[in-house]
$ cat coords_11.csv   # CSV, C-alpha atoms (C1' of nucleotides)
chain,number,residue,atom,x,y,z
A,155,MET,CA,-117.6,-58.9,-23.0
A,156,THR,CA,-119.2,-58.1,-19.7
A,157,ALA,CA,-121.6,-60.9,-20.3
A,158,VAL,CA,-118.8,-63.3,-21.0
A,159,THR,CA,-117.1,-62.3,-17.7
A,160,SER,CA,-120.4,-62.7,-15.9
A,161,ILE,CA,-120.7,-66.3,-17.1
A,162,MET,CA,-117.1,-67.1,-16.3
A,163,ARG,CA,-117.2,-65.7,-12.8
A,164,ALA,CA,-120.6,-67.2,-12.0
A,165,GLN,CA,-119.3,-70.6,-13.0
A,166,GLN,CA,-116.1,-70.1,-11.0
A,167,ILE,CA,-118.0,-69.0,-7.9
A,168,LEU,CA,-120.6,-71.8,-8.2
A,169,LEU,CA,-118.1,-74.5,-8.7
A,170,GLY,CA,-116.1,-73.3,-5.7
A,171,GLU,CA,-119.1,-73.5,-3.5
A,172,LEU,CA,-120.2,-76.8,-4.7
A,173,ASP,CA,-116.8,-78.3,-4.4
A,174,ALA,CA,-116.5,-77.0,-0.9
A,175,ALA,CA,-119.8,-78.5,0.1
A,176,LEU,CA,-118.7,-81.8,-1.4
A,177,LYS,CA,-115.3,-81.8,0.3
A,178,PRO,CA,-116.5,-83.8,3.3
A,179,TYR,CA,-117.4,-86.6,1.0
A,180,GLU,CA,-114.0,-86.5,-0.9
A,181,LEU,CA,-115.9,-85.6,-4.0
A,182,THR,CA,-115.7,-82.9,-6.6
A,183,PHE,CA,-118.6,-81.7,-8.6
A,184,ALA,CA,-117.4,-83.5,-11.7
A,185,ARG,CA,-117.3,-86.8,-9.8
A,186,TYR,CA,-120.6,-86.1,-8.1
A,187,GLU,CA,-122.3,-85.5,-11.5
A,188,ALA,CA,-121.0,-88.8,-12.8
A,189,LEU,CA,-122.4,-90.6,-9.7
A,190,VAL,CA,-125.7,-88.9,-10.0
A,191,LEU,CA,-125.9,-90.0,-13.6
A,192,LEU,CA,-125.3,-93.6,-12.6
A,193,THR,CA,-127.9,-93.4,-9.8
A,194,PHE,CA,-130.5,-92.2,-12.2
A,195,SER,CA,-129.7,-94.9,-14.7
A,196,SER,CA,-132.2,-97.8,-14.3
A,197,SER,CA,-129.5,-100.4,-13.9
A,198,GLY,CA,-127.0,-98.3,-12.0
A,199,ALA,CA,-124.5,-98.8,-14.8
A,200,LEU,CA,-123.6,-97.0,-18.0
A,201,PRO,CA,-121.0,-97.4,-20.8
A,202,LEU,CA,-118.2,-94.8,-20.3
A,203,GLY,CA,-119.0,-93.3,-23.6
A,204,LYS,CA,-122.6,-92.6,-22.6
A,205,ILE,CA,-121.4,-90.8,-19.5
A,206,GLY,CA,-119.2,-88.6,-21.5
A,207,GLU,CA,-122.0,-87.9,-23.9
A,208,ARG,CA,-124.4,-86.9,-21.2
A,209,LEU,CA,-122.0,-84.8,-19.3
A,210,MET,CA,-120.6,-83.3,-22.5
A,211,VAL,CA,-117.0,-84.1,-21.7
A,212,HIS,CA,-114.2,-85.7,-23.6
A,213,PRO,CA,-113.8,-89.5,-23.4
A,214,THR,CA,-110.4,-89.0,-21.6
A,215,SER,CA,-112.1,-87.0,-18.9
A,216,VAL,CA,-114.5,-89.8,-18.3
A,217,THR,CA,-111.7,-92.3,-18.0
A,218,ASN,CA,-110.0,-90.0,-15.5
A,219,THR,CA,-113.2,-89.4,-13.5
A,220,ILE,CA,-114.1,-93.1,-13.3
A,221,ASP,CA,-110.5,-94.0,-12.4
A,222,ARG,CA,-110.8,-91.8,-9.3
A,223,LEU,CA,-114.3,-93.0,-8.4
A,224,GLU,CA,-113.2,-96.6,-8.7
A,225,ARG,CA,-110.1,-96.0,-6.6
A,226,GLN,CA,-112.5,-94.5,-4.0
A,227,GLY,CA,-114.7,-97.6,-4.2
A,228,LEU,CA,-117.7,-95.7,-5.3
A,229,VAL,CA,-118.0,-97.2,-8.8
A,230,ARG,CA,-116.8,-100.5,-10.3
A,231,ARG,CA,-115.7,-101.1,-13.9
A,232,ARG,CA,-117.3,-104.1,-15.7
A,233,PRO,CA,-116.9,-105.3,-19.3
A,234,ASN,CA,-120.0,-104.4,-21.3
A,235,PRO,CA,-121.7,-107.7,-22.1
A,236,ARG,CA,-123.1,-106.3,-25.3
A,237,ASP,CA,-119.9,-104.8,-26.7
A,238,GLY,CA,-116.5,-106.3,-26.4
A,239,ARG,CA,-114.9,-102.9,-26.7
A,240,GLY,CA,-116.9,-101.3,-24.1
A,241,THR,CA,-116.7,-100.8,-20.3
A,242,LEU,CA,-119.6,-100.2,-18.0
A,243,ALA,CA,-119.2,-98.0,-14.9
A,244,GLU,CA,-121.5,-99.4,-12.2
A,245,ILE,CA,-122.2,-97.6,-9.0
A,246,THR,CA,-121.4,-99.5,-5.8
A,247,GLU,CA,-123.5,-99.6,-2.6
A,248,ARG,CA,-121.1,-97.2,-0.9
A,249,GLY,CA,-121.3,-95.0,-4.0
A,250,ALA,CA,-125.1,-94.9,-3.7
A,251,GLU,CA,-124.9,-94.0,0.0
A,252,VAL,CA,-122.3,-91.3,-0.6
A,253,VAL,CA,-124.2,-89.7,-3.4
A,254,GLU,CA,-127.4,-89.7,-1.4
A,255,ALA,CA,-125.8,-88.0,1.6
A,256,ALA,CA,-124.0,-85.5,-0.7
A,257,THR,CA,-127.2,-84.6,-2.4
A,258,ARG,CA,-128.8,-83.9,0.9
A,259,ASP,CA,-126.0,-81.5,1.7
A,260,LEU,CA,-126.2,-79.8,-1.7
A,261,MET,CA,-129.9,-79.4,-1.4
A,262,ALA,CA,-129.4,-77.7,2.0
A,263,ILE,CA,-127.4,-75.0,0.3
A,264,ASP,CA,-129.7,-74.9,-2.7
A,265,PHE,CA,-126.9,-76.1,-4.9
A,266,GLY,CA,-125.1,-72.8,-4.4
A,267,LEU,CA,-128.0,-70.8,-5.8
A,268,GLY,CA,-129.6,-69.8,-2.5
A,269,ALA,CA,-129.6,-66.2,-3.7
A,270,TYR,CA,-132.3,-67.1,-6.3
A,271,ASP,CA,-135.9,-68.2,-5.9
A,272,GLU,CA,-137.6,-70.5,-8.4
A,273,THR,CA,-138.3,-67.7,-10.8
A,274,GLY,CA,-134.7,-66.5,-10.7
A,275,GLN,CA,-133.4,-69.9,-11.4
A,276,ALA,CA,-135.8,-70.3,-14.3
A,277,GLU,CA,-134.5,-67.0,-15.7
A,278,ILE,CA,-130.9,-68.3,-15.6
A,279,PHE,CA,-131.9,-71.3,-17.5
A,280,ASP,CA,-133.9,-69.4,-20.1
A,281,VAL,CA,-131.3,-66.8,-20.7
A,282,LEU,CA,-128.5,-69.3,-21.2
A,283,ARG,CA,-130.6,-71.6,-23.2
A,284,HIS,CA,-129.9,-69.9,-26.5
A,285,LEU,CA,-126.2,-70.3,-26.1
A,286,ARG,CA,-126.5,-74.0,-25.3
A,287,VAL,CA,-128.9,-74.7,-28.1
A,288,ALA,CA,-126.6,-72.9,-30.5
A,289,ALA,CA,-123.8,-75.2,-29.4
A,290,GLY,CA,-125.8,-78.3,-29.8
A,291,ASP,CA,-126.3,-78.9,-26.1
A,292,PHE,CA,-130.0,-79.6,-26.2
A,293,PRO,CA,-131.5,-78.7,-22.8
A,294,VAL,CA,-134.2,-81.0,-24.0
A,295,LYS,CA,-134.4,-84.2,-22.0
A,296,GLU,CA,-133.6,-87.2,-24.2
A,297,ARG,CA,-135.2,-90.5,-23.7
A,298,ARG,CA,-132.6,-92.9,-22.2
B,117,MET,CA,-130.1,-77.9,-10.3
B,118,THR,CA,-131.1,-77.1,-13.9
B,119,ALA,CA,-129.9,-73.6,-13.4
B,120,VAL,CA,-126.5,-74.9,-12.1
B,121,THR,CA,-126.1,-77.1,-15.1
B,122,SER,CA,-127.0,-74.2,-17.4
B,123,ILE,CA,-124.2,-72.1,-16.0
B,124,MET,CA,-121.7,-74.9,-16.0
B,125,ARG,CA,-122.4,-75.8,-19.6
B,126,ALA,CA,-122.6,-72.2,-20.8
B,127,GLN,CA,-119.2,-71.5,-19.4
B,128,GLN,CA,-117.8,-74.7,-20.9
B,129,ILE,CA,-119.2,-73.9,-24.3
B,130,LEU,CA,-118.0,-70.3,-24.2
B,131,LEU,CA,-114.5,-71.1,-23.0
B,132,GLY,CA,-114.2,-73.7,-25.7
B,133,GLU,CA,-115.1,-71.2,-28.4
B,134,LEU,CA,-112.9,-68.5,-27.1
B,135,ASP,CA,-109.9,-70.8,-26.7
B,136,ALA,CA,-110.5,-72.0,-30.2
B,137,ALA,CA,-110.5,-68.5,-31.6
B,138,LEU,CA,-107.3,-67.7,-29.7
B,139,LYS,CA,-105.5,-70.8,-30.8
B,140,PRO,CA,-103.9,-69.1,-33.8
B,141,TYR,CA,-102.2,-66.7,-31.4
B,142,GLU,CA,-101.0,-69.5,-29.1
B,143,LEU,CA,-103.2,-68.0,-26.4
B,144,THR,CA,-105.8,-69.3,-24.0
B,145,PHE,CA,-108.6,-67.1,-22.6
B,146,ALA,CA,-106.9,-67.0,-19.2
B,147,ARG,CA,-103.7,-65.7,-20.7
B,148,TYR,CA,-105.6,-63.3,-23.0
B,149,GLU,CA,-107.4,-61.8,-20.0
B,150,ALA,CA,-104.1,-61.2,-18.3
B,151,LEU,CA,-102.7,-59.5,-21.3
B,152,VAL,CA,-105.8,-57.3,-21.7
B,153,LEU,CA,-105.5,-56.3,-18.1
B,154,LEU,CA,-101.9,-55.2,-18.7
B,155,THR,CA,-102.9,-53.3,-21.8
B,156,PHE,CA,-105.5,-51.4,-20.0
B,157,SER,CA,-103.2,-50.5,-17.2
B,158,SER,CA,-101.7,-47.0,-17.7
B,159,SER,CA,-98.1,-48.1,-17.4
B,160,GLY,CA,-98.6,-51.5,-19.1
B,161,ALA,CA,-97.3,-53.1,-15.9
B,162,LEU,CA,-98.9,-54.5,-12.8
B,163,PRO,CA,-97.9,-56.3,-9.6
B,164,LEU,CA,-98.8,-60.0,-9.9
B,165,GLY,CA,-101.0,-59.7,-6.9
B,166,LYS,CA,-103.0,-57.0,-8.5
B,167,ILE,CA,-103.6,-59.2,-11.5
B,168,GLY,CA,-104.8,-62.1,-9.4
B,169,GLU,CA,-107.1,-59.7,-7.5
B,170,ARG,CA,-108.7,-58.3,-10.7
B,171,LEU,CA,-109.1,-61.7,-12.4
B,172,MET,CA,-110.2,-63.3,-9.1
B,173,VAL,CA,-107.8,-66.1,-9.3
B,174,HIS,CA,-105.3,-67.6,-6.8
B,175,PRO,CA,-101.8,-66.1,-6.7
B,176,THR,CA,-100.4,-69.4,-7.9
B,177,SER,CA,-102.5,-69.2,-11.0
B,178,VAL,CA,-101.1,-65.8,-11.7
B,179,THR,CA,-97.5,-67.1,-11.3
B,180,ASN,CA,-98.4,-69.9,-13.8
B,181,THR,CA,-100.0,-67.6,-16.3
B,182,ILE,CA,-97.2,-65.1,-16.3
B,183,ASP,CA,-94.7,-67.8,-16.5
B,184,ARG,CA,-96.1,-69.0,-19.8
B,185,LEU,CA,-96.7,-65.5,-21.2
B,186,GLU,CA,-93.1,-64.7,-20.3
B,187,ARG,CA,-91.8,-67.8,-22.0
B,188,GLN,CA,-93.8,-66.7,-25.1
B,189,GLY,CA,-92.2,-63.3,-24.9
B,190,LEU,CA,-95.5,-61.5,-24.4
B,191,VAL,CA,-94.7,-60.1,-21.0
B,192,ARG,CA,-91.6,-59.5,-19.0
B,193,ARG,CA,-91.1,-59.7,-15.2
B,194,ARG,CA,-89.5,-56.8,-13.4
B,195,PRO,CA,-88.9,-56.2,-9.8
B,196,ASN,CA,-91.4,-53.8,-8.3
B,197,PRO,CA,-89.4,-50.6,-7.5
B,198,ARG,CA,-91.8,-49.7,-4.8
B,199,ASP,CA,-91.9,-53.1,-3.0
B,200,GLY,CA,-88.9,-55.4,-2.6
B,201,ARG,CA,-91.1,-58.4,-2.3
B,202,GLY,CA,-93.1,-57.7,-5.4
B,203,THR,CA,-92.8,-58.4,-9.0
B,204,LEU,CA,-94.3,-56.5,-11.9
B,205,ALA,CA,-95.6,-58.1,-15.1
B,206,GLU,CA,-95.0,-55.7,-18.0
B,207,ILE,CA,-96.4,-56.3,-21.4
B,208,THR,CA,-93.9,-56.4,-24.2
B,209,GLU,CA,-94.3,-54.8,-27.6
B,210,ARG,CA,-95.0,-58.2,-29.1
B,211,GLY,CA,-97.5,-58.8,-26.4
B,212,ALA,CA,-99.3,-55.6,-27.3
B,213,GLU,CA,-99.4,-56.5,-30.9
B,214,VAL,CA,-100.7,-60.0,-30.2
B,215,VAL,CA,-103.4,-58.9,-27.8
B,216,GLU,CA,-104.6,-56.3,-30.3
B,217,ALA,CA,-104.9,-58.8,-33.2
B,218,ALA,CA,-106.5,-61.4,-30.9
B,219,THR,CA,-109.0,-58.8,-29.7
B,220,ARG,CA,-110.0,-58.1,-33.3
B,221,ASP,CA,-110.6,-61.8,-33.9
B,222,LEU,CA,-112.7,-62.1,-30.7
B,223,MET,CA,-114.8,-59.2,-31.6
B,224,ALA,CA,-115.4,-60.7,-35.0
B,225,ILE,CA,-117.1,-63.6,-33.3
B,226,ASP,CA,-118.8,-61.4,-30.7
B,227,PHE,CA,-116.7,-63.1,-28.0
B,228,GLY,CA,-118.7,-66.2,-28.5
B,229,LEU,CA,-122.0,-64.6,-27.8
B,230,GLY,CA,-123.1,-64.0,-31.4
B,231,ALA,CA,-126.4,-65.6,-30.5
B,232,TYR,CA,-127.3,-62.6,-28.3
B,233,ASP,CA,-128.0,-59.0,-29.1
B,234,GLU,CA,-127.2,-56.2,-26.8
B,235,THR,CA,-130.3,-56.8,-24.8
B,236,GLY,CA,-129.7,-60.4,-24.4
B,237,GLN,CA,-126.2,-59.8,-23.2
B,238,ALA,CA,-127.4,-57.3,-20.7
B,239,GLU,CA,-129.9,-59.9,-19.4
B,240,ILE,CA,-127.1,-62.4,-18.8
B,241,PHE,CA,-125.2,-59.8,-16.8
B,242,ASP,CA,-128.3,-58.8,-14.8
B,243,VAL,CA,-129.4,-62.3,-14.0
B,244,LEU,CA,-126.0,-63.5,-12.8
B,245,ARG,CA,-125.3,-60.3,-10.9
B,246,HIS,CA,-126.9,-61.5,-7.7
B,247,LEU,CA,-124.7,-64.5,-7.6
B,248,ARG,CA,-121.6,-62.5,-8.1
B,249,VAL,CA,-122.5,-59.9,-5.6
B,250,ALA,CA,-123.4,-62.5,-3.0
B,251,ALA,CA,-119.9,-63.9,-3.5
B,252,GLY,CA,-118.2,-60.5,-3.1
B,253,ASP,CA,-117.3,-60.2,-6.8
B,254,PHE,CA,-118.5,-56.6,-7.3
B,255,PRO,CA,-119.5,-56.1,-10.9
B,256,VAL,CA,-118.9,-52.5,-10.1
B,257,LYS,CA,-115.9,-51.0,-11.8
B,258,GLU,CA,-113.3,-50.1,-9.3
B,259,ARG,CA,-111.1,-47.0,-9.9
B,260,ARG,CA,-107.6,-48.2,-11.0
C,39,DC,C1',-116.4,-114.9,-44.9
C,40,DT,C1',-113.0,-111.5,-45.0
C,41,DC,C1',-111.4,-106.9,-44.7
C,42,DC,C1',-111.4,-102.1,-43.6
C,43,DG,C1',-113.5,-98.0,-41.7
C,44,DA,C1',-115.8,-96.7,-37.5
C,45,DT,C1',-116.2,-96.9,-32.5
C,46,DA,C1',-114.8,-97.6,-27.2
C,47,DG,C1',-111.3,-96.8,-24.0
C,48,DT,C1',-106.8,-95.7,-22.5
C,49,DA,C1',-102.1,-93.6,-22.2
C,50,DG,C1',-99.2,-89.5,-22.4
C,51,DG,C1',-98.8,-84.6,-22.5
C,52,DA,C1',-100.4,-79.7,-22.1
C,53,DT,C1',-103.1,-76.2,-19.6
C,54,DG,C1',-105.5,-74.0,-15.8
C,55,DT,C1',-107.1,-73.9,-11.1
C,56,DC,C1',-106.8,-74.6,-6.2
C,57,DC,C1',-104.4,-75.5,-1.5
C,58,DG,C1',-100.6,-75.7,1.8
C,59,DA,C1',-96.0,-74.6,2.8
C,60,DC,C1',-91.9,-71.8,2.3
C,61,DT,C1',-88.8,-67.5,1.6
C,62,DA,C1',-88.2,-62.8,1.4
C,63,DT,C1',-89.5,-58.4,2.5
C,64,DC,C1',-92.4,-54.7,4.7
C,65,DC,C1',-94.1,-52.1,8.4
C,66,DG,C1',-96.2,-50.7,12.9
C,67,DG,C1',-95.5,-50.8,17.9
C,68,DC,C1',-92.6,-50.8,21.6
D,223,DG,C1',-83.7,-49.5,16.2
D,224,DC,C1',-85.6,-54.1,16.6
D,225,DC,C1',-89.2,-57.8,16.3
D,226,DG,C1',-93.0,-60.2,15.0
D,227,DG,C1',-97.2,-60.4,12.3
D,228,DA,C1',-98.7,-59.4,7.6
D,229,DT,C1',-98.0,-59.5,2.6
D,230,DA,C1',-95.8,-60.9,-2.3
D,231,DG,C1',-94.4,-64.7,-5.0
D,232,DT,C1',-93.1,-69.2,-5.8
D,233,DC,C1',-92.9,-74.3,-5.4
D,234,DG,C1',-94.9,-78.9,-5.2
D,235,DG,C1',-99.0,-81.6,-5.4
D,236,DA,C1',-103.9,-82.6,-6.5
D,237,DC,C1',-107.7,-82.3,-10.0
D,238,DA,C1',-110.2,-81.5,-14.2
D,239,DT,C1',-110.1,-80.7,-19.1
D,240,DC,C1',-108.7,-81.1,-23.7
D,241,DC,C1',-105.8,-83.1,-27.8
D,242,DT,C1',-103.3,-86.7,-30.2
D,243,DA,C1',-102.1,-91.3,-30.8
D,244,DC,C1',-102.8,-96.2,-30.0
D,245,DT,C1',-105.2,-100.9,-29.2
D,246,DA,C1',-109.0,-103.8,-29.5
D,247,DT,C1',-113.3,-104.8,-31.2
D,248,DC,C1',-117.5,-104.1,-34.1
D,249,DG,C1',-120.0,-104.4,-38.3
D,250,DG,C1',-121.2,-103.6,-43.0
D,251,DA,C1',-119.7,-104.0,-48.0
D,252,DG,C1',-118.2,-107.0,-51.4
$ encode --input "coords_11.csv" --output "structure tokens"
Amino acid sequence: MTAVTSIMRAQQILLGELDAALKPYELTFARYEALVLLTFSSSGALPLGKIGERLMVHPTSVTNTIDRLERQGLVRRRPNPRDGRGTLAEITERGAEVVEAATRDLMAIDFGLGAYDETGQAEIFDVLRHLRVAAGDFPVKERR
Amino acid sequence: MTAVTSIMRAQQILLGELDAALKPYELTFARYEALVLLTFSSSGALPLGKIGERLMVHPTSVTNTIDRLERQGLVRRRPNPRDGRGTLAEITERGAEVVEAATRDLMAIDFGLGAYDETGQAEIFDVLRHLRVAAGDFPVKERR
DNA sequence: CTCCGATAGTAGGATGTCCGACTATCCGGC
DNA sequence: GCCGGATAGTCGGACATCCTACTATCGGAG
């Protein structure tokens, strides 16, 4: 139970720091993650479903996240040319600028993990890996 | 950044499992934690502020949590006899029964950490300890 | 070529969390 | 004994997340 509490608290603390750092950009960590995902995508656009899959969140959460980002002018919705049911979220120029600046800020605070060196961060990853694998969240990078 | 993701996902996975296990009792982990806290308290009652302090959540979250527990008949609000501003949350008989049964169920699934043995759980605690200490969340047990 | 199950997104509702603002009460200093 | 700052809870609003239900479209079986 102590271990459970550790994970809960750690996440809570971390999320708090990250959200605070992102506040100047009017972003939350959830929205930041979505933007980064789009940035890393070759075309700068992804079907909403893909986003939910990568971030491991419910489709309705993606709709909500993209709604807000779109209202902020950081992404744009576009019908998926290859699937009439689908919608693509495409990062805008302003979105790309914002995510870049935000990333600089996050790096400056070591993403909230300033208390850890490379080794310590690797330990965190290793220790939690079992749990993620058991839940089907492969920490293995998947090819696009 | 990988380490950050690990923590976020681990918490998400864990919370999902715990909430699922608590569903039959109409409880969420947040409410369960509050009930446990009251159970462990000698008198079975605590000022709302104390609860927020222990669980490291905002006062408004406590109000919300206790509201729901009270509506479910698992706790009862009572004016604090030693502080006219304060309110005590007191666990009811039914609340005690529910938390006991729920705890049995959670134990049966190792609180979602069945993938870890004692050592593994200790590692989780140790690795995340730095982060919590740096944030002022003393993983040191405080006397009542 | 048509029909029906599977899939992509969205809408509505519940929960939990935070922040800022407000009320009521407490308490220490003058 | 009174007064003003500190403290306890609550309320309203913003976000994020999930679930269920619904619409529209896709795609394979017959």
$ residues_around --input "coords_11.csv" --residues "C:DA52" --least-positions-apart "2" --cutoff "10 Å" --atoms "all atoms listed in the file" --output "ChimeraX atom specification"
/C:50,54 /D:240-241
$ write_last_selection --input "coords_11.csv" --atoms "C-alpha atoms (C1' of nucleotides)" --output "tab-separated table (two decimals), in the frame of the given file"
chain	number	residue	atom	x	y	z
C	50	DG	C1'	-99.20	-89.50	-22.40
C	54	DG	C1'	-105.50	-74.00	-15.80
D	240	DC	C1'	-108.70	-81.10	-23.70
D	241	DC	C1'	-105.80	-83.10	-27.80
$ interface_residues --input "coords_11.csv" --of "chain A" --to "chain C" --cutoff "12 Å" --atoms "only C-alpha atoms (C1' of nucleotides)" --output "list in words"
Gln166, Leu169, Gly170, Asp173, Ala174, Pro201, Leu202, Gly203, Lys204, Gly206, His212, Pro213, Thr214, Ser215, Val216, Thr217, Asn218, Ile220, Asp221, Arg231, Pro233, Asn234, Asp237, Gly238, Arg239, Gly240, Thr241 and Leu242 of chain A
$ closest_residue --input "coords_11.csv" --among "B:Thr155, B:Arg194, B:Arg147, B:Leu229" --to "A:Ala289" --atoms "only C-alpha atoms"
B:Leu229
$ interface_residues --input "coords_11.csv" --of "chain D" --to "chain B" --cutoff "10 Å" --atoms "only C-alpha atoms (C1' of nucleotides)" --output "PyMOL selection string"
chain D and resi 229-233+239-240
$ write_last_selection --input "coords_11.csv" --atoms "C-alpha atoms (C1' of nucleotides)" --output "PDB file, in the coordinates of the input"
ATOM      1  C1'  DT D 229     -98.000 -59.500   2.600  1.00  0.00           C
ATOM      2  C1'  DA D 230     -95.800 -60.900  -2.300  1.00  0.00           C
ATOM      3  C1'  DG D 231     -94.400 -64.700  -5.000  1.00  0.00           C
ATOM      4  C1'  DT D 232     -93.100 -69.200  -5.800  1.00  0.00           C
ATOM      5  C1'  DC D 233     -92.900 -74.300  -5.400  1.00  0.00           C
ATOM      6  C1'  DT D 239    -110.100 -80.700 -19.100  1.00  0.00           C
ATOM      7  C1'  DC D 240    -108.700 -81.100 -23.700  1.00  0.00           C
TER       8       DC D 240
END
$ interface_residues --input "coords_11.csv" --of "chain A" --to "chain B" --cutoff "10 Å" --atoms "all atoms listed in the file" --output "MDAnalysis selection string"
chainID A and resid 155:169 171:172 187 209:211 260:261 264:270 272 274:291 293
$ residues_near_point --input "coords_11.csv" --point "(-125.9, -99.0, -15.4)" --cutoff "8 Å" --atoms "only C-alpha atoms (C1' of nucleotides)" --output "VMD selection string"
chain A and resid 192 195 to 201 242 to 245
$ write_last_selection --input "coords_11.csv" --atoms "C-alpha atoms" --output "PDB file, keeping the file's coordinate frame"
ATOM      1  CA  LEU A 192    -125.300 -93.600 -12.600  1.00  0.00           C
ATOM      2  CA  SER A 195    -129.700 -94.900 -14.700  1.00  0.00           C
ATOM      3  CA  SER A 196    -132.200 -97.800 -14.300  1.00  0.00           C
ATOM      4  CA  SER A 197    -129.500-100.400 -13.900  1.00  0.00           C
ATOM      5  CA  GLY A 198    -127.000 -98.300 -12.000  1.00  0.00           C
ATOM      6  CA  ALA A 199    -124.500 -98.800 -14.800  1.00  0.00           C
ATOM      7  CA  LEU A 200    -123.600 -97.000 -18.000  1.00  0.00           C
ATOM      8  CA  PRO A 201    -121.000 -97.400 -20.800  1.00  0.00           C
ATOM      9  CA  LEU A 242    -119.600-100.200 -18.000  1.00  0.00           C
ATOM     10  CA  ALA A 243    -119.200 -98.000 -14.900  1.00  0.00           C
ATOM     11  CA  GLU A 244    -121.500 -99.400 -12.200  1.00  0.00           C
ATOM     12  CA  ILE A 245    -122.200 -97.600  -9.000  1.00  0.00           C
TER      13      ILE A 245
END
$ atom_distance --input "coords_11.csv" --atom1 "atom CA of A:Pro178" --atom2 "atom CA of A:Phe194"
22.5 Å
$ atom_distance --input "coords_11.csv" --atom1 "atom CA of B:Leu190" --atom2 "atom CA of B:Ala146"
13.7 Å
$ atom_distance --input "coords_11.csv" --atom1 "atom C1' of D:DG234" --atom2 "atom CA of B:Glu186"
20.8 Å
$ residues_around --input "coords_11.csv" --residues "A:Val252" --least-positions-apart "2" --cutoff "12 Å" --atoms "all atoms listed in the file" --output "ChimeraX atom specification"
/A:176-181,185-186,189-190,193,223,226-229,245-250,254-259
$ closest_residue --input "coords_11.csv" --among "A:Arg208, A:Arg230, A:Arg222, A:Arg236" --to "A:Thr182" --atoms "only C-alpha atoms"
A:Arg222
